[in-house]
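Below is query-v9.tsv, holding TSV, N, CA and C atoms.
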```
chain	number	residue	atom	x	y	z
A	1	ALA	N	4.27	12.54	44.50
A	1	ALA	CA	4.36	13.05	43.14
A	1	ALA	C	3.69	12.05	42.22
A	2	GLY	N	2.60	12.48	41.63
A	2	GLY	CA	1.86	11.60	40.72
A	2	GLY	C	2.11	11.96	39.27
A	3	VAL	N	1.58	11.17	38.42
A	3	VAL	CA	1.70	11.39	36.98
A	3	VAL	C	0.52	12.24	36.53
A	4	ALA	N	0.79	13.26	35.74
A	4	ALA	CA	-0.27	14.12	35.23
A	4	ALA	C	-1.09	13.34	34.19
A	5	ILE	N	-2.38	13.35	34.35
A	5	ILE	CA	-3.27	12.64	33.43
A	5	ILE	C	-3.83	13.66	32.43
A	6	PRO	N	-3.68	13.37	31.14
A	6	PRO	CA	-4.20	14.30	30.13
A	6	PRO	C	-5.71	14.49	30.32
A	7	PRO	N	-6.21	15.71	30.15
A	7	PRO	CA	-7.63	15.97	30.37
A	7	PRO	C	-8.56	15.20	29.44
A	8	ASP	N	-8.08	14.84	28.26
A	8	ASP	CA	-8.94	14.13	27.31
A	8	ASP	C	-8.80	12.61	27.40
A	9	LEU	N	-8.08	12.12	28.43
A	9	LEU	CA	-7.88	10.67	28.58
A	9	LEU	C	-9.19	9.93	28.77
A	10	ALA	N	-10.08	10.46	29.58
A	10	ALA	CA	-11.37	9.79	29.82
A	10	ALA	C	-12.15	9.65	28.53
A	11	GLU	N	-12.13	10.69	27.72
A	11	GLU	CA	-12.84	10.64	26.44
A	11	GLU	C	-12.21	9.61	25.50
A	12	MET	N	-10.87	9.57	25.46
A	12	MET	CA	-10.18	8.58	24.64
A	12	MET	C	-10.53	7.16	25.09
A	13	MET	N	-10.52	6.94	26.40
A	13	MET	CA	-10.84	5.62	26.93
A	13	MET	C	-12.28	5.23	26.59
A	14	ASP	N	-13.21	6.19	26.71
A	14	ASP	CA	-14.60	5.92	26.34
A	14	ASP	C	-14.72	5.52	24.88
A	15	ASN	N	-13.95	6.17	24.03
A	15	ASN	CA	-13.98	5.85	22.60
A	15	ASN	C	-13.43	4.45	22.31
A	16	LEU	N	-12.43	4.03	23.09
A	16	LEU	CA	-11.83	2.71	22.90
A	16	LEU	C	-12.66	1.60	23.54
A	17	ASP	N	-13.44	1.94	24.56
A	17	ASP	CA	-14.27	0.97	25.28
A	17	ASP	C	-15.54	0.70	24.47
A	18	THR	N	-15.40	-0.13	23.42
A	18	THR	CA	-16.49	-0.33	22.47
A	18	THR	C	-17.69	-1.08	23.05
A	19	ASP	N	-17.48	-1.89	24.09
A	19	ASP	CA	-18.61	-2.63	24.67
A	19	ASP	C	-19.26	-1.89	25.83
A	20	GLY	N	-18.73	-0.71	26.19
A	20	GLY	CA	-19.33	0.11	27.24
A	20	GLY	C	-19.19	-0.45	28.64
A	21	SER	N	-18.22	-1.33	28.86
A	21	SER	CA	-18.06	-1.96	30.17
A	21	SER	C	-17.37	-1.06	31.19
A	22	GLY	N	-16.78	0.03	30.74
A	22	GLY	CA	-16.04	0.89	31.65
A	22	GLY	C	-14.61	0.43	31.85
A	23	VAL	N	-14.25	-0.67	31.20
A	23	VAL	CA	-12.91	-1.24	31.30
A	23	VAL	C	-12.38	-1.46	29.88
A	24	LEU	N	-11.14	-1.08	29.66
A	24	LEU	CA	-10.51	-1.33	28.37
A	24	LEU	C	-9.92	-2.72	28.40
A	25	ASP	N	-10.57	-3.68	27.73
A	25	ASP	CA	-10.06	-5.05	27.76
A	25	ASP	C	-9.07	-5.27	26.62
A	26	TYR	N	-8.47	-6.44	26.62
A	26	TYR	CA	-7.40	-6.77	25.68
A	26	TYR	C	-7.85	-6.61	24.23
A	27	SER	N	-9.01	-7.15	23.88
A	27	SER	CA	-9.45	-7.10	22.48
A	27	SER	C	-9.69	-5.66	22.03
A	28	GLU	N	-10.18	-4.81	22.92
A	28	GLU	CA	-10.38	-3.41	22.57
A	28	GLU	C	-9.03	-2.70	22.38
A	29	PHE	N	-8.07	-3.04	23.24
A	29	PHE	CA	-6.73	-2.47	23.11
A	29	PHE	C	-6.09	-2.89	21.79
A	30	VAL	N	-6.19	-4.19	21.47
A	30	VAL	CA	-5.61	-4.69	20.22
A	30	VAL	C	-6.30	-4.04	19.02
A	31	ALA	N	-7.62	-3.93	19.07
A	31	ALA	CA	-8.36	-3.30	17.97
A	31	ALA	C	-7.89	-1.85	17.78
A	32	ALA	N	-7.70	-1.12	18.86
A	32	ALA	CA	-7.23	0.27	18.76
A	32	ALA	C	-5.83	0.32	18.17
A	33	THR	N	-4.99	-0.61	18.56
A	33	THR	CA	-3.62	-0.67	18.05
A	33	THR	C	-3.62	-0.99	16.56
A	34	LEU	N	-4.45	-1.96	16.15
A	34	LEU	CA	-4.51	-2.33	14.74
A	34	LEU	C	-5.04	-1.17	13.90
A	35	ASP	N	-6.03	-0.45	14.42
A	35	ASP	CA	-6.54	0.71	13.69
A	35	ASP	C	-5.42	1.72	13.47
A	36	LYS	N	-4.60	1.94	14.49
A	36	LYS	CA	-3.47	2.87	14.38
A	36	LYS	C	-2.48	2.37	13.34
A	37	ARG	N	-2.17	1.07	13.36
A	37	ARG	CA	-1.24	0.49	12.38
A	37	ARG	C	-1.81	0.62	10.98
A	38	LYS	N	-3.12	0.40	10.84
A	38	LYS	CA	-3.75	0.53	9.53
A	38	LYS	C	-3.62	1.96	9.03
A	39	TYR	N	-3.85	2.92	9.92
A	39	TYR	CA	-3.73	4.33	9.55
A	39	TYR	C	-2.31	4.64	9.10
A	40	ILE	N	-1.32	4.17	9.84
A	40	ILE	CA	0.07	4.42	9.49
A	40	ILE	C	0.40	3.78	8.15
A	41	GLN	N	-0.08	2.54	7.93
A	41	GLN	CA	0.17	1.88	6.65
A	41	GLN	C	-0.48	2.64	5.50
A	42	GLU	N	-1.71	3.13	5.70
A	42	GLU	CA	-2.38	3.89	4.66
A	42	GLU	C	-1.64	5.19	4.40
A	43	ASP	N	-1.11	5.81	5.45
A	43	ASP	CA	-0.35	7.04	5.28
A	43	ASP	C	0.91	6.77	4.44
A	44	MET	N	1.59	5.66	4.72
A	44	MET	CA	2.77	5.30	3.94
A	44	MET	C	2.39	5.00	2.50
A	45	CYS	N	1.27	4.33	2.30
A	45	CYS	CA	0.81	4.04	0.94
A	45	CYS	C	0.43	5.32	0.21
A	46	TRP	N	-0.17	6.28	0.92
A	46	TRP	CA	-0.53	7.56	0.32
A	46	TRP	C	0.73	8.28	-0.19
A	47	ARG	N	1.79	8.24	0.61
A	47	ARG	CA	3.04	8.87	0.18
A	47	ARG	C	3.60	8.18	-1.06
A	48	ALA	N	3.54	6.84	-1.09
A	48	ALA	CA	3.99	6.11	-2.27
A	48	ALA	C	3.12	6.46	-3.48
A	49	PHE	N	1.81	6.50	-3.27
A	49	PHE	CA	0.87	6.84	-4.34
A	49	PHE	C	1.20	8.21	-4.92
A	50	LYS	N	1.46	9.18	-4.04
A	50	LYS	CA	1.78	10.54	-4.51
A	50	LYS	C	3.07	10.56	-5.32
A	51	THR	N	3.99	9.65	-5.05
A	51	THR	CA	5.22	9.56	-5.85
A	51	THR	C	4.89	9.16	-7.28
A	52	PHE	N	3.97	8.20	-7.44
A	52	PHE	CA	3.57	7.76	-8.77
A	52	PHE	C	2.67	8.79	-9.46
A	53	ASP	N	1.85	9.49	-8.70
A	53	ASP	CA	0.94	10.52	-9.23
A	53	ASP	C	1.74	11.80	-9.45
A	54	GLN	N	2.57	11.79	-10.48
A	54	GLN	CA	3.53	12.88	-10.68
A	54	GLN	C	2.89	14.22	-11.02
A	55	ASP	N	1.70	14.21	-11.65
A	55	ASP	CA	1.08	15.48	-12.00
A	55	ASP	C	0.15	15.99	-10.91
A	56	GLY	N	0.01	15.21	-9.82
A	56	GLY	CA	-0.84	15.63	-8.70
A	56	GLY	C	-2.32	15.59	-9.00
A	57	GLY	N	-2.73	14.85	-10.03
A	57	GLY	CA	-4.12	14.80	-10.44
A	57	GLY	C	-5.00	13.88	-9.61
A	58	GLY	N	-4.42	13.15	-8.66
A	58	GLY	CA	-5.20	12.26	-7.81
A	58	GLY	C	-5.35	10.86	-8.36
A	59	THR	N	-4.73	10.60	-9.51
A	59	THR	CA	-4.74	9.27	-10.10
A	59	THR	C	-3.36	9.00	-10.70
A	60	ILE	N	-3.08	7.72	-10.91
A	60	ILE	CA	-1.84	7.31	-11.58
A	60	ILE	C	-2.24	6.89	-12.99
A	61	GLU	N	-1.64	7.52	-13.97
A	61	GLU	CA	-1.93	7.19	-15.36
A	61	GLU	C	-0.78	6.39	-15.95
A	62	LYS	N	-1.06	5.71	-17.05
A	62	LYS	CA	-0.06	4.84	-17.68
A	62	LYS	C	1.24	5.59	-17.96
A	63	ASP	N	1.15	6.82	-18.49
A	63	ASP	CA	2.37	7.56	-18.83
A	63	ASP	C	3.19	7.88	-17.58
A	64	GLU	N	2.52	8.08	-16.44
A	64	GLU	CA	3.24	8.34	-15.19
A	64	GLU	C	3.99	7.08	-14.74
A	65	LEU	N	3.34	5.93	-14.87
A	65	LEU	CA	4.01	4.66	-14.53
A	65	LEU	C	5.20	4.42	-15.44
A	66	LEU	N	4.99	4.62	-16.74
A	66	LEU	CA	6.08	4.42	-17.70
A	66	LEU	C	7.25	5.35	-17.40
A	67	LYS	N	6.92	6.60	-17.11
A	67	LYS	CA	7.97	7.59	-16.83
A	67	LYS	C	8.76	7.18	-15.60
A	68	LEU	N	8.07	6.81	-14.53
A	68	LEU	CA	8.76	6.48	-13.29
A	68	LEU	C	9.48	5.14	-13.36
A	69	LEU	N	8.82	4.13	-13.90
A	69	LEU	CA	9.43	2.80	-13.95
A	69	LEU	C	10.45	2.68	-15.07
A	70	GLY	N	10.45	3.63	-15.99
A	70	GLY	CA	11.40	3.60	-17.10
A	70	GLY	C	12.68	4.35	-16.83
A	71	ILE	N	12.77	5.02	-15.69
A	71	ILE	CA	13.99	5.75	-15.36
A	71	ILE	C	15.14	4.76	-15.22
A	72	GLU	N	16.18	4.97	-15.98
A	72	GLU	CA	17.28	4.00	-16.01
A	72	GLU	C	17.91	3.78	-14.65
A	73	THR	N	18.08	4.85	-13.88
A	73	THR	CA	18.70	4.67	-12.57
A	73	THR	C	17.82	3.81	-11.67
A	74	LEU	N	16.49	3.97	-11.77
A	74	LEU	CA	15.59	3.14	-11.00
A	74	LEU	C	15.64	1.70	-11.49
A	75	ALA	N	15.63	1.52	-12.82
A	75	ALA	CA	15.70	0.18	-13.39
A	75	ALA	C	17.00	-0.50	-12.99
A	76	ASP	N	18.09	0.28	-12.97
A	76	ASP	CA	19.38	-0.29	-12.55
A	76	ASP	C	19.34	-0.73	-11.09
A	77	GLN	N	18.75	0.12	-10.23
A	77	GLN	CA	18.68	-0.22	-8.80
A	77	GLN	C	17.78	-1.42	-8.57
A	78	MET	N	16.66	-1.50	-9.29
A	78	MET	CA	15.72	-2.61	-9.10
A	78	MET	C	16.18	-3.86	-9.83
A	79	GLU	N	17.17	-3.70	-10.70
A	79	GLU	CA	17.70	-4.80	-11.51
A	79	GLU	C	16.61	-5.47	-12.33
A	80	VAL	N	15.69	-4.66	-12.83
A	80	VAL	CA	14.64	-5.14	-13.73
A	80	VAL	C	14.42	-4.12	-14.83
A	81	LYS	N	13.93	-4.60	-15.95
A	81	LYS	CA	13.58	-3.72	-17.05
A	81	LYS	C	12.08	-3.85	-17.24
A	82	VAL	N	11.36	-2.76	-17.04
A	82	VAL	CA	9.91	-2.78	-17.15
A	82	VAL	C	9.53	-2.33	-18.55
A	83	THR	N	8.80	-3.17	-19.26
A	83	THR	CA	8.40	-2.86	-20.62
A	83	THR	C	7.01	-2.21	-20.63
A	84	GLU	N	6.66	-1.62	-21.76
A	84	GLU	CA	5.34	-1.01	-21.88
A	84	GLU	C	4.25	-2.07	-21.74
A	85	ALA	N	4.50	-3.28	-22.25
A	85	ALA	CA	3.53	-4.37	-22.12
A	85	ALA	C	3.30	-4.72	-20.65
A	86	GLU	N	4.37	-4.69	-19.85
A	86	GLU	CA	4.23	-4.98	-18.43
A	86	GLU	C	3.46	-3.88	-17.71
A	87	VAL	N	3.68	-2.63	-18.10
A	87	VAL	CA	2.91	-1.52	-17.53
A	87	VAL	C	1.44	-1.67	-17.92
A	88	ASP	N	1.18	-2.08	-19.17
A	88	ASP	CA	-0.21	-2.34	-19.59
A	88	ASP	C	-0.84	-3.43	-18.73
A	89	ALA	N	-0.06	-4.47	-18.41
A	89	ALA	CA	-0.56	-5.56	-17.57
A	89	ALA	C	-0.85	-5.07	-16.16
A	90	ILE	N	0.03	-4.21	-15.64
A	90	ILE	CA	-0.19	-3.62	-14.31
A	90	ILE	C	-1.47	-2.81	-14.31
A	91	MET	N	-1.63	-1.97	-15.32
A	91	MET	CA	-2.83	-1.13	-15.42
A	91	MET	C	-4.09	-1.99	-15.50
A	92	ALA	N	-4.04	-3.04	-16.32
A	92	ALA	CA	-5.21	-3.91	-16.48
A	92	ALA	C	-5.58	-4.60	-15.17
A	93	GLU	N	-4.58	-4.97	-14.39
A	93	GLU	CA	-4.84	-5.66	-13.13
A	93	GLU	C	-5.29	-4.72	-12.01
A	94	VAL	N	-4.71	-3.53	-11.96
A	94	VAL	CA	-4.95	-2.63	-10.82
A	94	VAL	C	-6.12	-1.68	-11.07
A	95	ASP	N	-6.34	-1.27	-12.32
A	95	ASP	CA	-7.42	-0.34	-12.67
A	95	ASP	C	-8.74	-1.09	-12.67
A	96	LEU	N	-9.34	-1.22	-11.49
A	96	LEU	CA	-10.52	-2.07	-11.32
A	96	LEU	C	-11.76	-1.53	-12.02
A	97	ASN	N	-11.90	-0.21	-12.13
A	97	ASN	CA	-13.09	0.33	-12.77
A	97	ASN	C	-12.91	0.58	-14.26
A	98	GLY	N	-11.72	0.30	-14.79
A	98	GLY	CA	-11.48	0.37	-16.23
A	98	GLY	C	-11.44	1.76	-16.82
A	99	ASP	N	-11.17	2.79	-16.00
A	99	ASP	CA	-11.16	4.16	-16.54
A	99	ASP	C	-9.79	4.58	-17.07
A	100	GLY	N	-8.83	3.65	-17.07
A	100	GLY	CA	-7.50	3.97	-17.59
A	100	GLY	C	-6.60	4.67	-16.59
A	101	LYS	N	-7.06	4.77	-15.35
A	101	LYS	CA	-6.29	5.43	-14.29
A	101	LYS	C	-6.37	4.59	-13.02
A	102	ILE	N	-5.37	4.73	-12.16
A	102	ILE	CA	-5.37	4.05	-10.86
A	102	ILE	C	-5.62	5.11	-9.80
A	103	ASP	N	-6.76	5.00	-9.11
A	103	ASP	CA	-7.02	5.94	-8.02
A	103	ASP	C	-6.48	5.35	-6.72
A	104	PHE	N	-6.55	6.11	-5.64
A	104	PHE	CA	-5.95	5.66	-4.38
A	104	PHE	C	-6.64	4.40	-3.86
A	105	GLU	N	-7.94	4.29	-4.02
A	105	GLU	CA	-8.65	3.10	-3.54
A	105	GLU	C	-8.16	1.86	-4.30
A	106	GLU	N	-7.98	1.97	-5.60
A	106	GLU	CA	-7.46	0.84	-6.39
A	106	GLU	C	-6.02	0.53	-5.98
A	107	PHE	N	-5.23	1.57	-5.72
A	107	PHE	CA	-3.85	1.40	-5.28
A	107	PHE	C	-3.81	0.65	-3.95
A	108	MET	N	-4.69	1.03	-3.01
A	108	MET	CA	-4.75	0.35	-1.71
A	108	MET	C	-5.20	-1.10	-1.87
A	109	THR	N	-6.14	-1.36	-2.76
A	109	THR	CA	-6.58	-2.74	-3.01
A	109	THR	C	-5.40	-3.57	-3.48
A	110	MET	N	-4.59	-3.00	-4.39
A	110	MET	CA	-3.40	-3.69	-4.87
A	110	MET	C	-2.42	-3.93	-3.73
A	111	MET	N	-2.19	-2.91	-2.91
A	111	MET	CA	-1.23	-3.04	-1.82
A	111	MET	C	-1.66	-4.10	-0.81
A	112	ARG	N	-2.95	-4.20	-0.57
A	112	ARG	CA	-3.45	-5.22	0.37
A	112	ARG	C	-3.30	-6.63	-0.17
A	113	LYS	N	-3.20	-6.76	-1.47
A	113	LYS	CA	-3.05	-8.08	-2.09
A	113	LYS	C	-1.62	-8.56	-2.11
A	114	ILE	N	-0.67	-7.66	-1.83
A	114	ILE	CA	0.74	-8.05	-1.88
A	114	ILE	C	0.99	-9.06	-0.78
A	115	PRO	N	1.41	-10.26	-1.17
A	115	PRO	CA	1.62	-11.31	-0.17
A	115	PRO	C	2.92	-11.11	0.59
A	116	ASN	N	2.99	-11.82	1.71
A	116	ASN	CA	4.26	-11.77	2.42
A	116	ASN	C	5.29	-12.58	1.65
A	117	SER	N	6.56	-12.49	2.01
A	117	SER	CA	7.62	-13.09	1.21
A	117	SER	C	7.49	-14.61	1.09
A	118	ARG	N	7.04	-15.29	2.14
A	118	ARG	CA	6.88	-16.74	2.05
A	118	ARG	C	5.80	-17.13	1.05
A	119	THR	N	4.68	-16.39	1.08
A	119	THR	CA	3.60	-16.66	0.15
A	119	THR	C	4.05	-16.38	-1.27
A	120	GLU	N	4.78	-15.27	-1.47
A	120	GLU	CA	5.26	-14.91	-2.80
A	120	GLU	C	6.20	-15.97	-3.35
A	121	LYS	N	7.09	-16.49	-2.49
A	121	LYS	CA	8.01	-17.54	-2.91
A	121	LYS	C	7.24	-18.79	-3.35
A	122	LEU	N	6.21	-19.14	-2.59
A	122	LEU	CA	5.37	-20.28	-2.96
A	122	LEU	C	4.66	-20.03	-4.28
A	123	ARG	N	4.12	-18.80	-4.47
A	123	ARG	CA	3.44	-18.46	-5.71
A	123	ARG	C	4.38	-18.63	-6.90
A	124	ARG	N	5.62	-18.15	-6.76
A	124	ARG	CA	6.59	-18.29	-7.86
A	124	ARG	C	6.93	-19.75	-8.11
A	125	ASN	N	7.07	-20.52	-7.04
A	125	ASN	CA	7.43	-21.93	-7.19
A	125	ASN	C	6.35	-22.73	-7.93
A	126	ILE	N	5.09	-22.31	-7.78
A	126	ILE	CA	4.02	-23.04	-8.47
A	126	ILE	C	3.60	-22.34	-9.76
A	127	GLY	N	4.39	-21.30	-10.16
A	127	GLY	CA	4.17	-20.67	-11.45
A	127	GLY	C	3.13	-19.56	-11.49
A	128	LEU	N	2.75	-19.01	-10.34
A	128	LEU	CA	1.80	-17.91	-10.33
A	128	LEU	C	2.53	-16.58	-10.29
A	129	GLY	N	1.95	-15.57	-10.87
A	129	GLY	CA	2.55	-14.24	-10.85
A	129	GLY	C	3.56	-14.08	-11.95
A	130	LYS	N	3.68	-12.84	-12.44
A	130	LYS	CA	4.62	-12.57	-13.51
A	130	LYS	C	5.94	-12.12	-12.92
A	131	LYS	N	6.98	-12.49	-13.57
A	131	LYS	CA	8.32	-12.08	-13.16
A	131	LYS	C	8.80	-11.06	-14.18
A	132	LEU	N	9.36	-9.95	-13.71
A	132	LEU	CA	9.87	-8.93	-14.62
A	132	LEU	C	11.16	-9.41	-15.25
A	133	VAL	N	11.43	-8.94	-16.45
A	133	VAL	CA	12.61	-9.34	-17.19
A	133	VAL	C	13.82	-8.59	-16.66
A	134	ALA	N	14.87	-9.33	-16.33
A	134	ALA	CA	16.10	-8.70	-15.84
A	134	ALA	C	16.78	-8.02	-17.02
A	135	PRO	N	17.43	-6.87	-16.79
A	135	PRO	CA	18.11	-6.17	-17.89
A	135	PRO	C	19.25	-7.01	-18.43
A	136	SER	N	19.46	-6.91	-19.73
A	136	SER	CA	20.55	-7.67	-20.32
A	136	SER	C	21.86	-6.99	-20.02
A	137	SER	N	22.91	-7.80	-19.84
A	137	SER	CA	24.22	-7.24	-19.48
A	137	SER	C	25.07	-7.09	-20.70
```
Show me this structure written as structure tokens.
Amino acid sequence: AGVAIPPDLAEMMDNLDTDGSGVLDYSEFVAATLDKRKYIQEDMCWRAFKTFDQDGGGTIEKDELLKLLGIETLADQMEVKVTEAEVDAIMAEVDLNGDGKIDFEEFMTMMRKIPNSRTEKLRRNIGLGKKLVAPSS
């Protein structure tokens, strides 16, 4: 009793065998895995982007950010108060082409810049990056 091999397996292997050696080596396997992880991450970012793009127009506008980040229940959960000036700063930093809107490519550029927690802690310790104002009690 053998294992059934999918009919398209040979084609998949050929696509992954980037050097044409006929063998899937470690670097090709890792590259294929990373591409899959990148796709999954982009899919997750797309879902987040669509949350901010409340009117479905394909871009995030300042009023959409203000509306979403200004929701009191969200502000309470995040334990931060986002001001209009901070939203303006976000727009200025993320809107790379200056059209007043954040498209998905700009959103992904921002997401790729988000450092890991150790790097972020170091950035804060040396005074880089803005800290949001905590709500007053």
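Between CA of Pro7 in chain A and CA of Asp19 in chain A the separation is 22.3 Å.
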Q: Find the residue from A:Ile5, A:Ile90, A:Leu16, A:Val82 that sits nearest to Ala31 in chain A; use all atoms listed in the file when measuring.
A: A:Leu16
**Q.** For atom N of Asp95 in chain A and atom C of Met108 in chain A, the interatomic separation in Å (one decimal)
**A.** 10.5 Å
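Computed from the coordinates, the atom N of Leu9 in chain A to atom C of Met44 in chain A distance equals 28.9 Å.
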**Q.** Residues near Thr59 in chain A, cut-off 7 Å, all atoms listed in the file, skip fewer than 5 positions along chain, as a PyMOL selection string
**A.** chain A and resi 52-54+101-104
